[in-house]
>>> print(open('model-v4.txt').read())   # compact mmCIF, C-alpha atoms and all ligand atoms
# COMPACT_ATOMS: atom_id res chain seq x y z
CA MET A 1 172.17 -3.17 9.75
CA PRO A 2 169.13 -1.90 11.58
CA ILE A 3 170.58 1.22 13.14
CA LYS A 4 173.77 3.19 13.06
CA PHE A 5 175.20 5.03 16.02
CA GLU A 6 177.80 7.70 15.41
CA ILE A 7 179.75 9.34 18.18
CA LEU A 8 180.46 12.97 17.31
CA ALA A 9 182.07 14.23 20.50
CA GLU A 10 183.28 12.88 23.82
CA ASP A 11 184.01 14.95 26.89
CA LYS A 12 187.59 14.68 28.13
CA VAL A 13 186.72 14.98 31.81
CA THR A 14 183.47 13.05 32.24
CA ARG A 15 181.97 10.06 30.38
CA ALA A 16 179.60 12.28 28.38
CA ARG A 17 179.27 11.93 24.64
CA ALA A 18 177.17 13.38 21.82
CA GLY A 19 176.15 11.40 18.78
CA LEU A 20 173.65 10.57 16.08
CA LEU A 21 171.41 7.53 16.19
CA HIS A 22 170.07 6.60 12.75
CA THR A 23 166.75 4.72 12.87
CA PRO A 24 164.26 3.64 10.20
CA HIS A 25 162.16 6.75 10.85
CA GLY A 26 164.89 9.33 11.15
CA VAL A 27 168.04 10.47 12.84
CA ILE A 28 168.08 11.20 16.57
CA GLU A 29 170.55 13.59 18.09
CA THR A 30 171.97 12.15 21.31
CA PRO A 31 171.91 12.60 24.20
CA VAL A 32 168.16 12.64 23.84
CA PHE A 33 165.11 12.89 26.07
CA MET A 34 162.11 10.83 24.93
CA PRO A 35 158.68 12.09 26.04
CA VAL A 36 156.32 9.32 27.08
CA GLY A 37 153.36 8.80 24.76
CA THR A 38 151.72 6.16 26.87
CA GLY A 39 148.65 5.20 24.87
CA GLY A 40 149.52 6.69 21.48
CA THR A 41 149.49 10.27 22.77
CA VAL A 42 151.66 12.52 24.88
CA LYS A 43 148.87 13.71 27.14
CA GLY A 44 147.78 17.25 26.35
CA MET A 45 150.05 17.73 23.34
CA THR A 46 149.31 17.57 19.63
CA GLN A 47 151.80 15.95 17.31
CA ASP A 48 152.31 19.36 15.64
CA GLU A 49 153.31 20.84 18.99
CA LEU A 50 155.69 17.97 19.72
CA GLU A 51 157.37 18.54 16.38
CA ALA A 52 157.60 22.28 17.01
CA LEU A 53 159.21 21.59 20.39
CA GLY A 54 161.86 19.52 18.63
CA VAL A 55 160.82 16.10 19.96
CA GLN A 56 162.81 13.54 17.97
CA ILE A 57 161.58 10.26 19.40
CA LEU A 58 158.57 9.19 21.44
CA LEU A 59 158.21 6.30 23.84
CA GLY A 60 155.11 4.13 23.50
CA ASN A 61 153.94 1.81 26.27
CA THR A 62 153.32 -1.69 24.99
CA TYR A 63 151.17 -2.62 28.00
CA HIS A 64 148.68 0.19 27.40
CA LEU A 65 148.60 -0.15 23.60
CA TYR A 66 148.18 -3.93 23.87
CA LEU A 67 145.13 -3.49 26.11
CA ARG A 68 143.69 -0.52 24.21
CA PRO A 69 143.15 -0.35 21.30
CA GLY A 70 145.05 -3.66 20.89
CA HIS A 71 148.18 -4.29 18.83
CA GLU A 72 146.28 -6.08 16.05
CA LEU A 73 144.11 -3.02 15.51
CA ILE A 74 147.24 -0.85 15.35
CA ARG A 75 148.83 -3.31 12.91
CA GLU A 76 145.70 -3.01 10.73
CA ALA A 77 146.05 0.78 10.86
CA GLY A 78 149.56 0.45 9.42
CA GLY A 79 151.48 0.55 12.68
CA LEU A 80 151.74 3.04 15.49
CA HIS A 81 153.49 5.70 13.39
CA ARG A 82 150.60 5.89 10.96
CA PHE A 83 147.91 5.30 13.60
CA MET A 84 148.99 8.31 15.67
CA SER A 85 150.39 10.32 12.75
CA TRP A 86 153.93 10.40 14.12
CA PRO A 87 156.34 9.80 11.23
CA HIS A 88 159.40 10.06 13.48
CA PRO A 89 161.17 7.41 15.56
CA ILE A 90 159.30 5.47 18.25
CA LEU A 91 160.75 3.33 21.02
CA THR A 92 158.44 0.87 22.74
CA ASP A 93 158.99 -0.77 26.09
CA SER A 94 158.22 -4.44 26.62
CA GLY A 95 155.20 -3.92 28.86
CA GLY A 96 156.90 -5.82 31.66
CA PHE A 97 157.56 -2.84 33.89
CA GLN A 98 153.91 -1.81 33.93
CA VAL A 99 152.77 -5.36 34.57
CA MET A 100 155.20 -5.83 37.43
CA SER A 101 154.55 -2.43 38.94
CA LEU A 102 150.90 -3.40 39.26
CA LYS A 103 152.18 -5.80 41.95
CA SER A 104 149.20 -7.93 42.93
CA LEU A 105 148.16 -8.02 39.30
CA GLY A 106 151.36 -9.65 38.06
CA ARG A 107 152.90 -13.14 38.56
CA VAL A 108 156.33 -13.93 37.17
CA THR A 109 157.12 -17.44 35.92
CA GLU A 110 159.98 -18.88 33.87
CA ASP A 111 157.85 -18.59 30.74
CA GLY A 112 156.78 -15.00 31.25
CA VAL A 113 154.45 -12.93 33.34
CA TRP A 114 150.74 -13.38 34.00
CA PHE A 115 148.72 -10.29 34.73
CA ARG A 116 145.22 -9.00 35.00
CA SER A 117 144.16 -5.95 33.04
CA HIS A 118 143.74 -2.90 35.26
CA LEU A 119 140.78 -2.01 33.04
CA ASP A 120 138.50 -5.03 33.30
CA GLY A 121 140.36 -7.68 35.30
CA SER A 122 140.82 -9.98 32.28
CA SER A 123 143.79 -12.34 32.41
CA HIS A 124 146.77 -11.95 30.03
CA PHE A 125 150.20 -13.42 29.54
CA LEU A 126 153.35 -11.67 28.35
CA SER A 127 156.33 -13.78 27.33
CA PRO A 128 159.58 -12.61 25.74
CA GLU A 129 158.25 -13.87 22.41
CA ARG A 130 154.86 -12.25 22.86
CA THR A 131 156.32 -8.82 23.64
CA VAL A 132 158.40 -9.01 20.46
CA GLU A 133 155.30 -9.98 18.49
CA ILE A 134 153.32 -7.06 19.94
CA GLN A 135 156.11 -4.54 19.38
CA LEU A 136 156.47 -5.76 15.79
CA ALA A 137 152.76 -5.18 15.27
CA LEU A 138 153.19 -1.66 16.63
CA GLY A 139 156.02 -1.12 14.12
CA SER A 140 158.44 0.23 16.70
CA ASP A 141 161.89 1.43 15.63
CA ILE A 142 163.54 0.39 18.88
CA MET A 143 162.07 -2.51 20.84
CA MET A 144 162.89 -3.56 24.38
CA CYS A 145 163.35 -7.08 25.72
CA LEU A 146 161.07 -8.33 28.46
CA ASP A 147 163.02 -8.10 31.72
CA GLU A 148 162.33 -8.64 35.37
CA CYS A 149 162.53 -5.42 37.32
CA VAL A 150 162.53 -5.98 41.08
CA GLU A 151 161.66 -3.50 43.79
CA TYR A 152 164.14 -1.67 45.97
CA PRO A 153 165.38 -2.87 48.34
CA ALA A 154 165.76 -6.50 47.31
CA SER A 155 168.01 -9.28 48.57
CA HIS A 156 171.09 -10.39 46.64
CA GLU A 157 169.32 -13.68 45.98
CA THR A 158 166.20 -12.01 44.56
CA LEU A 159 168.27 -9.67 42.39
CA GLY A 160 170.42 -12.58 41.21
CA ARG A 161 167.38 -14.61 40.16
CA ALA A 162 166.02 -11.58 38.26
CA VAL A 163 169.34 -11.09 36.46
CA SER A 164 169.46 -14.73 35.34
CA LEU A 165 165.82 -14.71 34.24
CA THR A 166 166.34 -11.42 32.37
CA THR A 167 169.24 -13.00 30.46
CA ARG A 168 167.22 -16.09 29.54
CA TRP A 169 164.30 -13.89 28.43
CA ALA A 170 166.66 -11.63 26.44
CA LYS A 171 167.98 -14.66 24.54
CA ARG A 172 164.43 -15.82 23.79
CA ALA A 173 163.39 -12.32 22.65
CA LYS A 174 166.35 -12.11 20.30
CA GLU A 175 165.60 -15.54 18.86
CA ALA A 176 161.93 -14.61 18.46
CA LEU A 177 162.81 -11.45 16.53
CA ALA A 178 165.08 -13.42 14.22
CA ARG A 179 162.47 -16.14 13.74
CA ASP A 180 159.55 -13.76 13.15
CA THR A 181 161.29 -11.37 10.79
CA GLY A 182 164.73 -12.58 9.84
CA CYS A 183 165.95 -9.35 11.39
CA GLY A 184 168.91 -9.18 13.71
CA THR A 185 170.13 -12.68 13.01
CA ARG A 186 173.77 -11.80 13.29
CA ASP A 187 175.56 -14.58 15.11
CA ALA A 188 175.44 -13.97 18.81
CA GLY A 189 178.27 -14.71 21.15
CA ASP A 190 180.67 -15.85 18.46
CA GLY A 191 183.48 -13.94 20.09
CA THR A 192 184.42 -12.10 16.90
CA ARG A 193 182.93 -8.76 17.78
CA ASP A 194 184.98 -6.02 19.31
CA SER A 195 183.35 -4.96 22.51
CA GLY A 196 184.38 -1.40 21.72
CA ARG A 197 185.47 -0.70 25.26
CA GLY A 198 187.30 2.52 24.63
CA ASN A 199 189.48 1.35 21.81
CA ARG A 200 187.55 2.38 18.72
CA GLY A 201 187.40 5.60 16.82
CA ALA A 202 184.43 7.90 16.68
CA GLY A 203 181.83 7.63 13.96
CA LEU A 204 181.79 3.87 13.79
CA GLU A 205 178.71 2.13 12.65
CA VAL A 206 177.05 -0.34 14.92
CA GLY A 207 178.18 -3.76 13.89
CA ASP A 208 180.77 -2.55 11.41
CA SER A 209 183.37 -5.10 12.34
CA GLY A 210 184.39 -6.56 9.03
CA ALA A 211 185.21 -9.91 10.57
CA GLU A 212 181.68 -10.91 11.39
CA THR A 213 178.84 -12.28 9.39
CA GLU A 214 175.93 -9.90 9.32
CA THR A 215 172.37 -10.54 8.26
CA THR A 216 170.09 -7.57 8.34
CA HIS A 217 167.22 -9.01 6.39
CA PRO A 218 166.67 -12.32 4.63
CA GLU A 219 166.16 -10.67 1.25
CA SER A 220 168.62 -7.87 1.56
CA GLN A 221 172.18 -7.11 2.49
CA ILE A 222 171.68 -3.37 2.12
CA THR A 223 173.47 -1.51 4.87
CA ASP A 224 172.14 2.00 4.39
CA PRO A 225 169.19 2.36 6.80
CA ARG A 226 167.45 4.78 4.45
CA SER A 227 167.25 2.30 1.61
CA ARG A 228 166.56 -1.00 3.29
CA THR A 229 163.84 -3.39 2.24
CA PRO A 230 160.79 -3.21 4.49
CA CYS A 231 160.49 -5.89 7.10
CA PRO A 232 157.78 -8.39 6.03
CA VAL A 233 156.16 -8.24 9.45
CA SER A 234 156.33 -4.65 10.61
CA ARG A 235 156.42 -3.15 7.07
CA VAL A 236 159.30 -0.88 8.02
CA PRO A 237 163.01 -1.59 7.94
CA CYS A 238 164.02 -4.10 10.56
CA PRO A 239 163.51 -2.79 14.08
CA VAL A 240 166.20 -3.27 16.66
CA LEU A 241 166.08 -4.83 20.06
CA PHE A 242 167.81 -3.44 23.13
CA GLY A 243 168.87 -5.62 26.05
CA ILE A 244 168.24 -4.39 29.59
CA VAL A 245 170.90 -4.69 32.27
CA GLN A 246 169.47 -5.48 35.70
CA GLY A 247 171.02 -6.11 39.11
CA GLY A 248 169.75 -3.31 41.32
CA THR A 249 172.58 -1.46 43.01
CA ASP A 250 174.65 -4.64 43.33
CA LYS A 251 177.77 -4.17 41.22
CA GLU A 252 178.67 -7.83 41.03
CA LEU A 253 175.22 -8.59 39.59
CA ARG A 254 175.32 -5.57 37.27
CA ARG A 255 178.58 -6.91 35.86
CA GLN A 256 177.12 -10.41 35.45
CA SER A 257 174.01 -9.02 33.74
CA ALA A 258 176.03 -6.82 31.38
CA GLU A 259 178.44 -9.61 30.45
CA GLU A 260 175.64 -12.08 29.74
CA LEU A 261 173.78 -9.57 27.57
CA LEU A 262 176.97 -8.55 25.74
CA ASP A 263 177.39 -12.19 24.77
CA LEU A 264 173.97 -11.97 23.11
CA ASP A 265 175.13 -8.87 21.18
CA PHE A 266 172.32 -6.31 21.20
CA GLU A 267 172.22 -3.14 19.09
CA GLY A 268 171.85 -1.05 22.22
CA TYR A 269 171.68 -1.52 25.96
CA ALA A 270 169.44 -0.11 28.63
CA VAL A 271 170.17 0.32 32.30
CA GLY A 272 166.97 -0.84 33.98
CA GLY A 273 165.89 -1.28 37.55
CA LEU A 274 166.94 2.18 38.73
CA ALA A 275 164.86 5.10 40.01
CA VAL A 276 162.82 2.56 41.97
CA GLY A 277 163.46 4.05 45.40
CA GLU A 278 167.24 3.80 45.86
CA PRO A 279 169.14 6.88 47.08
CA LYS A 280 170.09 9.20 44.25
CA SER A 281 173.82 8.81 44.88
CA GLU A 282 173.46 5.04 44.43
CA MET A 283 171.44 5.55 41.26
CA TYR A 284 174.18 7.75 39.75
CA ASP A 285 176.91 5.41 40.92
CA THR A 286 175.19 2.34 39.47
CA ALA A 287 174.41 4.11 36.19
CA GLN A 288 178.07 5.03 35.76
CA PHE A 289 179.34 1.62 36.78
CA THR A 290 176.96 -0.08 34.33
CA ALA A 291 177.60 2.36 31.48
CA GLU A 292 181.32 1.61 31.77
CA LEU A 293 180.61 -2.09 31.24
CA LEU A 294 178.78 -1.42 27.96
CA PRO A 295 180.33 -1.12 24.49
CA ARG A 296 181.35 2.37 23.53
CA ASP A 297 179.82 2.03 20.08
CA ARG A 298 176.26 1.21 21.22
CA PRO A 299 173.61 3.59 22.52
CA ARG A 300 172.97 3.44 26.27
CA TYR A 301 169.51 4.11 27.65
CA LEU A 302 168.75 4.88 31.29
CA MET A 303 165.12 3.84 31.72
CA GLY A 304 162.57 5.93 33.58
CA VAL A 305 164.98 8.67 34.71
CA GLY A 306 164.29 11.41 35.72
CA THR A 307 164.57 15.08 36.77
CA PRO A 308 166.40 17.72 34.70
CA GLU A 309 169.34 17.29 37.11
CA ASP A 310 169.26 13.53 36.47
CA LEU A 311 169.60 14.14 32.73
CA LEU A 312 172.76 16.17 33.26
CA GLU A 313 174.23 13.70 35.75
CA GLY A 314 173.25 10.75 33.58
CA VAL A 315 174.91 12.23 30.50
CA ALA A 316 178.05 12.90 32.55
CA ARG A 317 178.07 9.18 33.38
CA GLY A 318 177.89 8.05 29.76
CA ILE A 319 174.14 7.75 29.13
CA ASP A 320 172.71 8.65 25.69
CA MET A 321 168.93 8.17 26.04
CA PHE A 322 166.39 8.99 28.73
CA ASP A 323 162.64 8.78 29.21
CA CYS A 324 160.46 9.82 32.11
CA VAL A 325 156.83 10.66 32.76
CA MET A 326 157.89 13.44 35.12
CA PRO A 327 157.64 16.48 32.83
CA THR A 328 154.20 15.50 31.59
CA ARG A 329 152.72 13.92 34.74
CA ASN A 330 153.99 16.67 37.03
CA ALA A 331 152.63 19.29 34.64
CA ARG A 332 149.15 17.84 34.98
CA ASN A 333 149.59 18.13 38.74
CA ALA A 334 150.47 21.83 38.50
CA CYS A 335 154.20 21.27 39.02
CA ALA A 336 156.53 23.06 36.61
CA PHE A 337 160.29 22.59 36.20
CA THR A 338 162.05 25.92 35.80
CA SER A 339 165.56 27.37 35.83
CA GLU A 340 164.79 28.47 39.41
CA GLY A 341 163.60 25.05 40.56
CA LYS A 342 160.14 23.54 40.83
CA VAL A 343 157.12 25.87 40.78
CA ILE A 344 153.87 24.62 42.30
CA LEU A 345 151.35 26.57 40.29
CA LYS A 346 148.42 26.21 42.68
CA ASN A 347 150.36 28.06 45.36
CA ALA A 348 148.53 31.15 46.64
CA ARG A 349 151.72 33.21 46.33
CA TYR A 350 151.21 33.29 42.54
CA ALA A 351 147.68 34.75 42.73
CA ARG A 352 148.99 38.25 41.94
CA ASP A 353 152.20 37.27 40.14
CA ASP A 354 152.32 38.78 36.67
CA GLY A 355 155.73 37.33 35.87
CA PRO A 356 156.27 34.46 33.45
CA LEU A 357 156.44 30.87 34.70
CA ASP A 358 160.21 30.86 34.09
CA PRO A 359 161.92 34.20 33.35
CA SER A 360 164.75 32.38 31.56
CA CYS A 361 162.49 30.26 29.34
CA THR A 362 161.74 31.12 25.72
CA CYS A 363 158.78 28.76 25.28
CA ALA A 364 155.44 29.93 23.93
CA VAL A 365 153.84 29.65 27.38
CA CYS A 366 156.45 31.74 29.18
CA ARG A 367 156.36 34.34 26.40
CA ARG A 368 152.60 34.80 26.65
CA TYR A 369 151.09 33.87 30.01
CA SER A 370 151.54 34.99 33.62
CA ARG A 371 151.89 32.83 36.70
CA ARG A 372 148.71 34.53 37.90
CA TYR A 373 146.76 33.18 34.90
CA LEU A 374 148.31 29.69 35.05
CA ARG A 375 147.41 29.45 38.75
CA HIS A 376 143.84 30.46 37.94
CA LEU A 377 143.58 27.69 35.32
CA PHE A 378 144.73 25.02 37.78
CA VAL A 379 142.64 26.29 40.70
CA THR A 380 139.50 26.25 38.55
CA GLY A 381 140.32 22.90 36.94
CA GLU A 382 140.55 24.25 33.39
CA MET A 383 142.20 21.75 31.04
CA LEU A 384 144.30 24.51 29.50
CA GLY A 385 146.38 24.64 32.71
CA ALA A 386 147.68 21.09 32.19
CA ILE A 387 148.21 21.71 28.48
CA LEU A 388 150.27 24.86 29.03
CA ALA A 389 152.30 23.38 31.88
CA THR A 390 153.03 20.27 29.80
CA HIS A 391 154.21 22.44 26.92
CA HIS A 392 156.56 24.38 29.18
CA ASN A 393 157.91 21.30 31.00
CA LEU A 394 158.66 19.46 27.78
CA HIS A 395 160.33 22.57 26.37
CA PHE A 396 162.40 22.82 29.55
CA TYR A 397 163.55 19.18 29.34
CA LEU A 398 164.30 19.34 25.61
CA ASP A 399 166.07 22.67 25.98
CA THR A 400 168.15 21.31 28.86
CA MET A 401 169.21 18.41 26.64
CA ARG A 402 169.94 20.72 23.69
CA ARG A 403 172.22 22.84 25.85
CA ILE A 404 173.96 19.73 27.20
CA ARG A 405 174.50 18.49 23.66
CA GLN A 406 175.71 21.86 22.42
CA SER A 407 178.23 22.08 25.25
CA LEU A 408 179.51 18.63 24.28
CA LEU A 409 179.89 19.58 20.63
CA SER A 410 181.74 22.78 21.55
CA GLY A 411 183.98 20.97 24.03
CA GLU A 412 182.59 22.82 27.04
CA PHE A 413 180.53 20.13 28.77
CA ALA A 414 182.67 19.88 31.90
CA GLU A 415 182.37 23.63 32.50
CA PHE A 416 178.63 23.50 31.77
CA HIS A 417 178.26 20.58 34.18
CA CYS A 418 180.08 22.44 36.97
CA ARG A 419 178.18 25.66 36.35
CA VAL A 420 174.74 24.04 36.51
CA ARG A 421 175.64 21.92 39.54
CA ALA A 422 176.83 25.00 41.39
CA ARG A 423 173.38 26.57 41.17
CA PRO A 424 171.64 26.92 44.55
ZN ZN B 501 158.49 28.06 29.39
>>> encode(input="model-v4.txt", output="structure tokens", more="lines below")
Ligand SMILES: [Zn+2]
Amino acid sequence: MPIKFEILAEDKVTRARAGLLHTPHGVIETPVFMPVGTGGTVKGMTQDELEALGVQILLGNTYHLYLRPGHELIREAGGLHRFMSWPHPILTDSGGFQVMSLKSLGRVTEDGVWFRSHLDGSSHFLSPERTVEIQLALGSDIMMCLDECVEYPASHETLGRAVSLTTRWAKRAKEALARDTGCGTRDAGDGTRDSGRGNRGAGLEVGDSGAETETTHPESQITDPRSRTPCPVSRVPCPVLFGIVQGGTDKELRRQSAEELLDLDFEGYAVGGLAVGEPKSEMYDTAQFTAELLPRDRPRYLMGVGTPEDLLEGVARGIDMFDCVMPTRNARNACAFTSEGKVILKNARYARDDGPLDPSCTCAVCRRYSRRYLRHLFVTGEMLGAILATHHNLHFYLDTMRRIRQSLLSGEFAEFHCRVRARP
């Protein structure tokens, strides 16, 4: 099997859980925050620094890597892991979100989506099959299906069409992966699999139902992810494909989307189409509603979310994986996340502030530099300002997630959740 997801602890009060996600390039402790390495780099950070911060998995953007340097060039380099010297897990998106968020540049058809490069205006086409092909060339550990993400607000009809198209594309992506690699060819929708909705013990392997036929690789039936035969296409053990549940904040459509994707039997499921402008209460409500529809024994990924508070609230609602550009993008714009809230480092009030960025933070930046100095770097446009703020913000996000996970493992998540929420 491509990946194994173990649940180590579940909170008795909320939906939160802690686990281990085994991938071809290493084990990820969940819940996990994935920094965004858009074009083969987390802006401003070296790979050594990311490792020292405890980053376990990076997100790569297929859209950007496809345009520059091009997936074939990355394939030639031995895949994205080798190209960027990141020997740890990588998740890649399908590229669809970027294409569609470029609005006038994208056009959605039944076959896929046409778009023009934001770099030179050249015309390109992404289909479910093409995104699988590109992500295989990148050598991703966890690949995402092409989905249609619609803007908020959208009509029931528009959302419904997007849900149906997302299901048809998910089926095509899964078939393409099986055809291109022989990976993930377990029978879909045969009705033999246990949905795992709350009736299975912890520590189960993904796809460990003895009743089903399982094919991990055409030349191998090895089930230990550390000893599997390399995939003939990506040259690493078979990658996995996650389905993406759509439906906006419409619960009826969320249920339809989840049920249709469950029939296709993915190794993990993402909640997409949130954090696109809906009120936060609706985002949390929809995330919880959707997470409850998904199998207990599969990882759940809330895409593009969010603030440190969102991580805590997402975990409480049963989410295992998160990604967001916020810690890195905000850092470059002089905005730091701290235990006392956001700090805008260009603010004149910090001109004579000798205190650390966050008095409660143990990161290398807070141990060494003053707010006064950080403000100076941003005001004068020194690149070190963005680098230091990025380091701190990523540390803050990863540390937040570590503390969440620790509280889950020690059975104190509910208290931790209440304590953090009660902060002014
Ligand atoms: Zn810090």
>>> closest_residue(input="model-v4.txt", among="A:Ile319, A:His22, A:Trp86, A:Leu384", to="Ala291 in chain A", atoms="all atoms listed in the file")
A:Ile319
>>> atom_distance(input="model-v4.txt", atom1="CA of Thr249 in chain A", atom2="CA of Gln135 in chain A")
29.0 Å
>>> residues_near_ligand(input="model-v4.txt", ligand="ligand ZN 501 (chain B)", cutoff="7 Å", atoms="only C-alpha atoms and all ligand atoms", output="PyMOL selection string")
chain A and resi 357-358+361-366+392-393+395-396
>>> closest_residue(input="model-v4.txt", among="A:Ser407, A:Ser94, A:Thr390, A:Thr46", to="Ser140 in chain A", atoms="all atoms listed in the file")
A:Ser94
>>> atom_distance(input="model-v4.txt", atom1="CA of Val32 in chain A", atom2="CA of Leu398 in chain A")
7.9 Å
>>> atom_distance(input="model-v4.txt", atom1="CA of Pro308 in chain A", atom2="CA of Tyr397 in chain A")
6.2 Å
>>> residues_around(input="model-v4.txt", residues="range 75-81 of chain A", least_positions_apart="6", cutoff="6 Å", atoms="all atoms listed in the file", output="VMD selection string")
chain A and resid 87 137 to 139
>>> axis_aligned_box(input="model-v4.txt", around="range 119-129 of chain A", padding_each_side="8 Å", output="lines of an AutoDock Vina configuration file")
center_x = 149.0
center_y = -7.9
center_z = 28.9
size_x = 37.1
size_y = 27.9
size_z = 28.9
>>> residues_around(input="model-v4.txt", residues="range 143-145 of chain A", least_positions_apart="6", cutoff="7 Å", atoms="all atoms listed in the file", output="list in words")
Leu91, Thr92, Asp93, Ser94, Pro128, Gln135, Ala170, Ala173, Pro239, Val240, Leu241, Phe242, Gly243 and Ile244 of chain A
>>> closest_residue(input="model-v4.txt", among="A:Leu264, A:Ile28, A:Val379, A:Met34", to="Asn333 in chain A", atoms="all atoms listed in the file")
A:Val379
>>> closest_residue(input="model-v4.txt", among="A:Thr41, A:Asn347, A:Gln288, A:Ser164", to="Asp320 in chain A", atoms="only C-alpha atoms")
A:Gln288
>>> residues_around(input="model-v4.txt", residues="Gly306 in chain A", least_positions_apart="3", cutoff="8 Å", atoms="only C-alpha atoms", output="VMD selection string")
chain A and resid 275 309 to 311 322 to 324 326
>>> residues_around(input="model-v4.txt", residues="Gly95 in chain A", least_positions_apart="6", cutoff="7 Å", atoms="all atoms listed in the file", output="count of residues only")
3
>>> closest_residue(input="model-v4.txt", among="A:Leu374, A:Val132, A:Met45, A:Ala18", to="Gly411 in chain A", atoms="all atoms listed in the file")
A:Ala18
